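Structure file protein38.txt; described as compact mmCIF, N, CA and C atoms.
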```txt
# COMPACT_ATOMS: atom_id res chain seq x y z
N MET A 27 0.85 -1.19 0.00
CA MET A 27 0.00 0.00 0.00
C MET A 27 0.89 1.24 0.00
N PRO A 28 0.64 2.16 -0.93
CA PRO A 28 1.49 3.35 -1.00
C PRO A 28 1.26 4.25 0.21
N SER A 29 2.29 4.95 0.56
CA SER A 29 2.23 5.85 1.71
C SER A 29 1.49 7.13 1.35
N LEU A 30 0.70 7.61 2.28
CA LEU A 30 -0.03 8.85 2.10
C LEU A 30 0.77 10.07 2.58
N PHE A 31 1.91 9.81 3.21
CA PHE A 31 2.70 10.88 3.78
C PHE A 31 3.08 11.97 2.77
N PRO A 32 3.55 11.66 1.56
CA PRO A 32 3.87 12.75 0.61
C PRO A 32 2.67 13.61 0.25
N PHE A 33 1.49 12.99 0.13
CA PHE A 33 0.29 13.77 -0.18
C PHE A 33 -0.10 14.67 0.98
N LEU A 34 0.00 14.13 2.19
CA LEU A 34 -0.33 14.93 3.36
C LEU A 34 0.64 16.10 3.53
N ARG A 35 1.93 15.82 3.30
CA ARG A 35 2.94 16.87 3.43
C ARG A 35 2.69 17.98 2.40
N ARG A 36 2.37 17.59 1.16
CA ARG A 36 2.08 18.57 0.12
C ARG A 36 0.81 19.36 0.45
N GLY A 37 -0.19 18.65 0.93
CA GLY A 37 -1.43 19.33 1.32
C GLY A 37 -1.21 20.30 2.47
N TRP A 38 -0.39 19.91 3.43
CA TRP A 38 -0.10 20.77 4.58
C TRP A 38 0.61 22.04 4.13
N ALA A 39 1.43 21.95 3.08
CA ALA A 39 2.14 23.12 2.58
C ALA A 39 1.17 24.14 1.98
N PHE A 40 0.06 23.68 1.39
CA PHE A 40 -0.91 24.58 0.78
C PHE A 40 -2.01 25.03 1.74
N ALA A 41 -2.07 24.46 2.93
CA ALA A 41 -3.14 24.78 3.88
C ALA A 41 -3.24 26.28 4.19
N PRO A 42 -2.13 26.99 4.45
CA PRO A 42 -2.27 28.43 4.75
C PRO A 42 -2.89 29.22 3.58
N VAL A 43 -2.53 28.85 2.36
CA VAL A 43 -3.08 29.54 1.20
C VAL A 43 -4.58 29.27 1.09
N VAL A 44 -4.98 28.03 1.27
CA VAL A 44 -6.39 27.65 1.18
C VAL A 44 -7.19 28.35 2.27
N ILE A 45 -6.65 28.41 3.47
CA ILE A 45 -7.33 29.07 4.58
C ILE A 45 -7.49 30.56 4.31
N GLU A 46 -6.46 31.20 3.77
CA GLU A 46 -6.54 32.63 3.46
C GLU A 46 -7.56 32.91 2.35
N VAL A 47 -7.59 32.08 1.33
CA VAL A 47 -8.56 32.25 0.26
C VAL A 47 -9.98 32.09 0.82
N ALA A 48 -10.19 31.11 1.67
CA ALA A 48 -11.52 30.91 2.27
C ALA A 48 -11.91 32.10 3.15
N ARG A 49 -10.95 32.63 3.89
CA ARG A 49 -11.23 33.78 4.75
C ARG A 49 -11.60 35.00 3.92
N GLN A 50 -10.87 35.25 2.84
CA GLN A 50 -11.16 36.39 1.96
C GLN A 50 -12.53 36.23 1.30
N ALA A 51 -12.83 35.03 0.85
CA ALA A 51 -14.14 34.79 0.22
C ALA A 51 -15.26 35.04 1.22
N ASP A 52 -15.08 34.57 2.45
CA ASP A 52 -16.10 34.79 3.49
C ASP A 52 -16.27 36.27 3.77
N ARG A 53 -15.17 37.01 3.80
CA ARG A 53 -15.24 38.45 4.07
C ARG A 53 -16.03 39.20 3.00
N HIS A 54 -15.94 38.73 1.77
CA HIS A 54 -16.66 39.41 0.68
C HIS A 54 -18.09 38.93 0.52
N VAL A 55 -18.35 37.68 0.81
CA VAL A 55 -19.68 37.09 0.57
C VAL A 55 -20.62 37.28 1.76
N ARG A 56 -20.12 37.20 2.96
CA ARG A 56 -20.97 37.25 4.16
C ARG A 56 -21.87 38.49 4.23
N PRO A 57 -21.36 39.71 3.96
CA PRO A 57 -22.27 40.87 4.03
C PRO A 57 -23.44 40.77 3.05
N HIS A 58 -23.18 40.26 1.86
CA HIS A 58 -24.25 40.14 0.86
C HIS A 58 -25.29 39.13 1.32
N VAL A 59 -24.84 38.01 1.88
CA VAL A 59 -25.76 36.97 2.36
C VAL A 59 -26.58 37.50 3.54
N ARG A 60 -25.94 38.22 4.45
CA ARG A 60 -26.68 38.77 5.59
C ARG A 60 -27.71 39.79 5.15
N ALA A 61 -27.37 40.61 4.14
CA ALA A 61 -28.34 41.57 3.61
C ALA A 61 -29.52 40.84 2.98
N TRP A 62 -29.25 39.79 2.24
CA TRP A 62 -30.33 39.01 1.63
C TRP A 62 -31.22 38.40 2.71
N GLN A 63 -30.62 37.86 3.78
CA GLN A 63 -31.41 37.26 4.85
C GLN A 63 -32.34 38.28 5.50
N LEU A 64 -31.83 39.47 5.77
CA LEU A 64 -32.68 40.51 6.37
C LEU A 64 -33.76 40.94 5.39
N ALA A 65 -33.39 41.14 4.13
CA ALA A 65 -34.38 41.55 3.13
C ALA A 65 -35.47 40.49 2.97
N GLU A 66 -35.09 39.24 3.03
CA GLU A 66 -36.08 38.17 2.93
C GLU A 66 -37.00 38.18 4.15
N ALA A 67 -36.45 38.44 5.32
CA ALA A 67 -37.24 38.45 6.55
C ALA A 67 -38.27 39.58 6.56
N VAL A 68 -37.94 40.71 5.95
CA VAL A 68 -38.86 41.85 5.95
C VAL A 68 -39.55 42.04 4.60
N ASP A 69 -39.33 41.09 3.69
CA ASP A 69 -39.88 41.17 2.33
C ASP A 69 -39.44 42.47 1.68
N GLY A 70 -38.13 42.71 1.75
CA GLY A 70 -37.59 44.00 1.32
C GLY A 70 -36.71 43.95 0.09
N TRP A 71 -35.91 45.00 -0.04
CA TRP A 71 -35.08 45.26 -1.21
C TRP A 71 -33.64 45.47 -0.76
N VAL A 72 -32.70 45.19 -1.66
CA VAL A 72 -31.27 45.34 -1.36
C VAL A 72 -30.62 46.19 -2.44
N GLY A 73 -29.74 47.10 -2.00
CA GLY A 73 -28.98 47.92 -2.93
C GLY A 73 -27.52 47.93 -2.55
N ARG A 74 -26.69 48.19 -3.53
CA ARG A 74 -25.24 48.23 -3.32
C ARG A 74 -24.78 49.68 -3.29
N TRP A 75 -24.06 50.06 -2.23
CA TRP A 75 -23.57 51.42 -2.08
C TRP A 75 -22.08 51.35 -1.76
N THR A 76 -21.29 52.13 -2.49
CA THR A 76 -19.84 52.13 -2.30
C THR A 76 -19.39 53.50 -1.84
N ASP A 77 -18.55 53.49 -0.80
CA ASP A 77 -17.94 54.73 -0.34
C ASP A 77 -16.44 54.49 -0.18
N ASN A 78 -15.76 55.36 0.52
CA ASN A 78 -14.30 55.22 0.70
C ASN A 78 -13.93 53.97 1.49
N ASP A 79 -14.83 53.48 2.33
CA ASP A 79 -14.55 52.30 3.14
C ASP A 79 -14.82 50.99 2.41
N GLY A 80 -15.44 51.05 1.25
CA GLY A 80 -15.73 49.84 0.49
C GLY A 80 -17.19 49.75 0.12
N THR A 81 -17.59 48.55 -0.25
CA THR A 81 -18.96 48.31 -0.69
C THR A 81 -19.82 47.86 0.48
N HIS A 82 -21.02 48.41 0.55
CA HIS A 82 -21.98 48.06 1.59
C HIS A 82 -23.28 47.64 0.91
N TRP A 83 -23.94 46.64 1.47
CA TRP A 83 -25.24 46.17 0.98
C TRP A 83 -26.29 46.75 1.90
N VAL A 84 -27.15 47.59 1.36
CA VAL A 84 -28.13 48.33 2.15
C VAL A 84 -29.51 47.72 1.93
N VAL A 85 -30.23 47.48 3.04
CA VAL A 85 -31.54 46.84 3.00
C VAL A 85 -32.63 47.88 3.25
N PHE A 86 -33.67 47.82 2.42
CA PHE A 86 -34.83 48.71 2.52
C PHE A 86 -36.09 47.87 2.64
N LYS A 87 -37.05 48.34 3.43
CA LYS A 87 -38.35 47.66 3.51
C LYS A 87 -39.12 47.88 2.22
N GLN A 88 -39.12 49.09 1.72
CA GLN A 88 -39.73 49.48 0.44
C GLN A 88 -38.71 50.31 -0.33
N PRO A 89 -38.81 50.35 -1.65
CA PRO A 89 -37.82 51.13 -2.41
C PRO A 89 -37.78 52.62 -2.04
N ASP A 90 -38.88 53.18 -1.58
CA ASP A 90 -38.89 54.60 -1.23
C ASP A 90 -38.77 54.85 0.28
N ALA A 91 -38.55 53.79 1.05
CA ALA A 91 -38.43 53.91 2.51
C ALA A 91 -36.98 54.19 2.90
N PRO A 92 -36.78 54.67 4.14
CA PRO A 92 -35.40 54.85 4.61
C PRO A 92 -34.73 53.49 4.79
N PRO A 93 -33.41 53.45 4.74
CA PRO A 93 -32.71 52.16 4.88
C PRO A 93 -32.87 51.58 6.28
N LEU A 94 -32.99 50.26 6.33
CA LEU A 94 -33.09 49.56 7.62
C LEU A 94 -31.72 49.30 8.23
N GLN A 95 -30.83 48.75 7.41
CA GLN A 95 -29.53 48.34 7.91
C GLN A 95 -28.59 48.14 6.73
N ALA A 96 -27.29 48.19 6.99
CA ALA A 96 -26.29 47.96 5.95
C ALA A 96 -25.32 46.89 6.43
N PHE A 97 -24.78 46.16 5.48
CA PHE A 97 -23.78 45.13 5.76
C PHE A 97 -22.60 45.35 4.83
N PRO A 98 -21.38 45.50 5.31
CA PRO A 98 -20.98 45.69 6.69
C PRO A 98 -21.66 46.93 7.28
N ALA A 99 -21.74 46.93 8.58
CA ALA A 99 -22.51 47.94 9.30
C ALA A 99 -21.98 49.35 9.05
N LEU A 100 -22.91 50.29 9.06
CA LEU A 100 -22.60 51.72 8.95
C LEU A 100 -23.15 52.43 10.18
N ARG A 101 -22.51 53.56 10.53
CA ARG A 101 -23.05 54.39 11.59
C ARG A 101 -24.34 55.02 11.09
N ASP A 102 -25.16 55.52 12.00
CA ASP A 102 -26.47 56.08 11.63
C ASP A 102 -26.36 57.17 10.57
N ALA A 103 -25.40 58.09 10.74
CA ALA A 103 -25.24 59.18 9.78
C ALA A 103 -24.84 58.65 8.40
N GLU A 104 -23.96 57.65 8.40
CA GLU A 104 -23.54 57.05 7.12
C GLU A 104 -24.68 56.29 6.47
N LEU A 105 -25.50 55.62 7.29
CA LEU A 105 -26.65 54.88 6.76
C LEU A 105 -27.65 55.85 6.12
N ALA A 106 -27.88 56.98 6.77
CA ALA A 106 -28.78 58.00 6.20
C ALA A 106 -28.20 58.55 4.90
N ARG A 107 -26.89 58.76 4.87
CA ARG A 107 -26.24 59.24 3.64
C ARG A 107 -26.36 58.21 2.52
N ALA A 108 -26.18 56.95 2.87
CA ALA A 108 -26.33 55.88 1.87
C ALA A 108 -27.75 55.88 1.33
N GLY A 109 -28.73 56.09 2.19
CA GLY A 109 -30.12 56.14 1.76
C GLY A 109 -30.39 57.28 0.80
N ARG A 110 -29.71 58.41 1.01
CA ARG A 110 -29.90 59.57 0.12
C ARG A 110 -29.17 59.38 -1.21
N GLU A 111 -27.97 58.82 -1.16
CA GLU A 111 -27.12 58.75 -2.36
C GLU A 111 -27.38 57.53 -3.23
N LEU A 112 -27.96 56.50 -2.68
CA LEU A 112 -28.16 55.26 -3.42
C LEU A 112 -29.22 55.43 -4.50
N ASP A 113 -28.93 54.97 -5.69
CA ASP A 113 -29.89 55.01 -6.79
C ASP A 113 -30.96 53.96 -6.53
N ARG A 114 -32.16 54.39 -6.22
CA ARG A 114 -33.24 53.47 -5.87
C ARG A 114 -33.70 52.63 -7.07
N ASN A 115 -33.39 53.06 -8.28
CA ASN A 115 -33.76 52.27 -9.46
C ASN A 115 -32.92 50.99 -9.57
N GLY A 116 -31.79 50.96 -8.88
CA GLY A 116 -30.92 49.79 -8.92
C GLY A 116 -31.21 48.77 -7.83
N LEU A 117 -32.21 49.02 -7.00
CA LEU A 117 -32.54 48.08 -5.93
C LEU A 117 -33.08 46.78 -6.50
N LYS A 118 -32.75 45.68 -5.81
CA LYS A 118 -33.28 44.38 -6.22
C LYS A 118 -34.11 43.80 -5.08
N ARG A 119 -35.23 43.25 -5.46
CA ARG A 119 -36.08 42.57 -4.48
C ARG A 119 -35.37 41.32 -4.00
N HIS A 120 -35.60 40.94 -2.75
CA HIS A 120 -34.87 39.82 -2.16
C HIS A 120 -34.98 38.54 -2.96
N ASP A 121 -36.12 38.30 -3.62
CA ASP A 121 -36.26 37.04 -4.37
C ASP A 121 -35.62 37.09 -5.75
N GLU A 122 -35.01 38.23 -6.12
CA GLU A 122 -34.29 38.35 -7.38
C GLU A 122 -32.78 38.18 -7.20
N LEU A 123 -32.32 38.08 -5.96
CA LEU A 123 -30.89 37.97 -5.69
C LEU A 123 -30.37 36.56 -5.93
N PRO A 124 -29.07 36.41 -6.18
CA PRO A 124 -28.50 35.08 -6.44
C PRO A 124 -28.74 34.08 -5.30
N GLU A 125 -28.78 34.56 -4.06
CA GLU A 125 -29.00 33.66 -2.94
C GLU A 125 -30.38 33.02 -3.02
N ALA A 126 -31.37 33.78 -3.45
CA ALA A 126 -32.72 33.24 -3.59
C ALA A 126 -32.75 32.17 -4.68
N THR A 127 -32.05 32.43 -5.78
CA THR A 127 -31.98 31.44 -6.86
C THR A 127 -31.31 30.16 -6.36
N ALA A 128 -30.24 30.31 -5.59
CA ALA A 128 -29.55 29.14 -5.05
C ALA A 128 -30.46 28.35 -4.12
N MET A 129 -31.22 29.04 -3.29
CA MET A 129 -32.13 28.33 -2.37
C MET A 129 -33.23 27.61 -3.14
N ARG A 130 -33.71 28.20 -4.23
CA ARG A 130 -34.71 27.51 -5.06
C ARG A 130 -34.12 26.25 -5.67
N GLN A 131 -32.85 26.31 -6.08
CA GLN A 131 -32.20 25.12 -6.63
C GLN A 131 -32.05 24.03 -5.57
N VAL A 132 -31.72 24.43 -4.35
CA VAL A 132 -31.61 23.46 -3.25
C VAL A 132 -32.95 22.79 -3.01
N GLU A 133 -34.02 23.56 -3.03
CA GLU A 133 -35.36 22.99 -2.84
C GLU A 133 -35.71 22.02 -3.95
N ARG A 134 -35.34 22.34 -5.17
CA ARG A 134 -35.60 21.42 -6.29
C ARG A 134 -34.86 20.10 -6.09
N VAL A 135 -33.62 20.17 -5.63
CA VAL A 135 -32.84 18.95 -5.38
C VAL A 135 -33.47 18.14 -4.26
N ARG A 136 -33.95 18.81 -3.23
CA ARG A 136 -34.60 18.11 -2.11
C ARG A 136 -35.88 17.41 -2.56
N GLU A 137 -36.60 18.01 -3.49
CA GLU A 137 -37.86 17.44 -3.96
C GLU A 137 -37.67 16.37 -5.03
N LEU A 138 -36.49 16.27 -5.59
CA LEU A 138 -36.24 15.35 -6.70
C LEU A 138 -36.56 13.88 -6.37
N PRO A 139 -36.14 13.34 -5.22
CA PRO A 139 -36.48 11.94 -4.94
C PRO A 139 -37.99 11.67 -4.92
N GLN A 140 -38.76 12.62 -4.42
CA GLN A 140 -40.21 12.44 -4.37
C GLN A 140 -40.81 12.48 -5.78
N LYS A 141 -40.24 13.26 -6.65
CA LYS A 141 -40.73 13.33 -8.02
C LYS A 141 -40.36 12.08 -8.81
N LEU A 142 -39.20 11.50 -8.51
CA LEU A 142 -38.78 10.30 -9.21
C LEU A 142 -39.57 9.07 -8.79
N MET A 143 -40.02 9.04 -7.54
CA MET A 143 -40.76 7.91 -7.01
C MET A 143 -42.09 8.41 -6.43
N PRO A 144 -43.03 8.83 -7.26
CA PRO A 144 -44.27 9.44 -6.75
C PRO A 144 -45.19 8.44 -6.02
N GLY A 145 -45.08 7.15 -6.32
CA GLY A 145 -45.97 6.17 -5.70
C GLY A 145 -45.55 5.75 -4.31
N ARG A 146 -44.33 6.07 -3.92
CA ARG A 146 -43.81 5.65 -2.63
C ARG A 146 -44.24 6.61 -1.53
N ALA A 147 -44.72 6.10 -0.45
CA ALA A 147 -45.11 6.93 0.71
C ALA A 147 -43.90 7.14 1.59
N ASP A 148 -43.80 8.31 2.20
CA ASP A 148 -42.70 8.61 3.11
C ASP A 148 -43.04 8.04 4.48
N ASP A 149 -42.23 7.07 4.97
CA ASP A 149 -42.50 6.40 6.24
C ASP A 149 -41.79 7.05 7.41
N SER A 150 -41.09 8.12 7.21
CA SER A 150 -40.34 8.70 8.32
C SER A 150 -41.12 9.58 9.20
```
Would you encode the structure as structure tokens?
Amino acid sequence: MPSLFPFLRRGWAFAPVVIEVARQADRHVRPHVRAWQLAEAVDGWVGRWTDNDGTHWVVFKQPDAPPLQAFPALRDAELARAGRELDRNGLKRHDELPEATAMRQVERVRELPQKLMPGRADDS
């Protein structure tokens, strides 16, 4: 049986790079996902606003309403400024975001076994 040691050693050498890439991806994706979750909870809208500190995802209850919250978080004055400066025509409803599409795909995959075997009753 061949030894796994060379593969493990090679994998261990790349671990810091993989961890850093995962951390960076999480830092960029998490604010967008959190904004989508809040928008879905309030049946709201999400807009993207960029300032000197970076990109923020701003959640609105209605397109003409004041902003509820931003991810990453903004101070109250900055949130009000984002609400004034953000182009409301660019807002997307929570069910139009990529996260909503992904969740619909997950639901389709979950329902697939039942569609393939419609005559079988679920005994669980």
If we count only C-alpha atoms and set the cut-off at 8 Å, which residues sit around Val72 (chain A), ignoring sequence neighbours fewer than 2 positions away in its own chain? Please answer as an MDAnalysis selection string. chainID A and resid 61:62 65 70 74 83:86 117:120
Write out as a PDB file with N, CA and C atoms, in the coordinates of the input the residues lying within 6.5 Å of Pro89 (chain A), counting all atoms listed in the file and excluding same-chain residues fewer than 2 positions away.
```pdb
ATOM      1  N   TRP A  71     -35.910  45.000  -0.040  1.00  0.00           N
ATOM      2  CA  TRP A  71     -35.080  45.260  -1.210  1.00  0.00           C
ATOM      3  C   TRP A  71     -33.640  45.470  -0.760  1.00  0.00           C
ATOM      4  N   PHE A  86     -33.670  47.820   2.420  1.00  0.00           N
ATOM      5  CA  PHE A  86     -34.830  48.710   2.520  1.00  0.00           C
ATOM      6  C   PHE A  86     -36.090  47.870   2.640  1.00  0.00           C
ATOM      7  N   LYS A  87     -37.050  48.340   3.430  1.00  0.00           N
ATOM      8  CA  LYS A  87     -38.350  47.660   3.510  1.00  0.00           C
ATOM      9  C   LYS A  87     -39.120  47.880   2.220  1.00  0.00           C
ATOM     10  N   ALA A  91     -38.550  53.790   1.050  1.00  0.00           N
ATOM     11  CA  ALA A  91     -38.430  53.910   2.510  1.00  0.00           C
ATOM     12  C   ALA A  91     -36.980  54.190   2.900  1.00  0.00           C
ATOM     13  N   ARG A 114     -32.160  54.390  -6.220  1.00  0.00           N
ATOM     14  CA  ARG A 114     -33.240  53.470  -5.870  1.00  0.00           C
ATOM     15  C   ARG A 114     -33.700  52.630  -7.070  1.00  0.00           C
TER      16      ARG A 114
END
```
Residue list (alpha helix (DSSP H), DSSP) for chain A, as a ChimeraX atom specification: /A:31-68,102-111,124-142
Report, in Å to a single decimal, how far apart CA of Arg110 (chain A) and CA of Leu94 (chain A) are.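 It comes out at 12.9 Å.
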I'd like the interatomic distance between CA of Gln50 (chain A) and atom N of Thr76 (chain A), to a tenth of an Å. 19.2 Å
Pick from A:Trp75, A:Pro93, A:Arg35, A:Pro98: nearest to His58 (chain A), with all atoms listed in the file counted?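 Nearest to His58 (chain A): A:Pro98.
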Rounded to one decimal, what separation in Å do you get between atom C of Asp69 (chain A) and atom N of Pro124 (chain A)? 14.4 Å
Which residue is closest to Asp77 (chain A)? Choose from A:Arg130, A:Arg60, A:Arg36, A:Arg107 and count only C-alpha atoms.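 Using only C-alpha atoms, the shortest distance to Asp77 (chain A) belongs to A:Arg107.
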Per-residue DSSP, region 95-135 of chain A, filtered to strand (DSSP E), as an mmCIF file with N, CA and C atoms, keeping the file's coordinate frame:
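Result saved to states.cif:
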```cif
data_model
loop_
_atom_site.group_PDB
_atom_site.id
_atom_site.type_symbol
_atom_site.label_atom_id
_atom_site.label_comp_id
_atom_site.auth_asym_id
_atom_site.auth_seq_id
_atom_site.Cartn_x
_atom_site.Cartn_y
_atom_site.Cartn_z
ATOM 1 N N GLN A 95 -30.830 48.750 7.410
ATOM 2 C CA GLN A 95 -29.530 48.340 7.910
ATOM 3 C C GLN A 95 -28.590 48.140 6.730
ATOM 4 N N ALA A 96 -27.290 48.190 6.990
ATOM 5 C CA ALA A 96 -26.290 47.960 5.950
ATOM 6 C C ALA A 96 -25.320 46.890 6.430
ATOM 7 N N PHE A 97 -24.780 46.160 5.480
ATOM 8 C CA PHE A 97 -23.780 45.130 5.760
ATOM 9 C C PHE A 97 -22.600 45.350 4.830
ATOM 10 N N LYS A 118 -32.750 45.680 -5.810
ATOM 11 C CA LYS A 118 -33.280 44.380 -6.220
ATOM 12 C C LYS A 118 -34.110 43.800 -5.080
ATOM 13 N N ARG A 119 -35.230 43.250 -5.460
ATOM 14 C CA ARG A 119 -36.080 42.570 -4.480
ATOM 15 C C ARG A 119 -35.370 41.320 -4.000
#
```
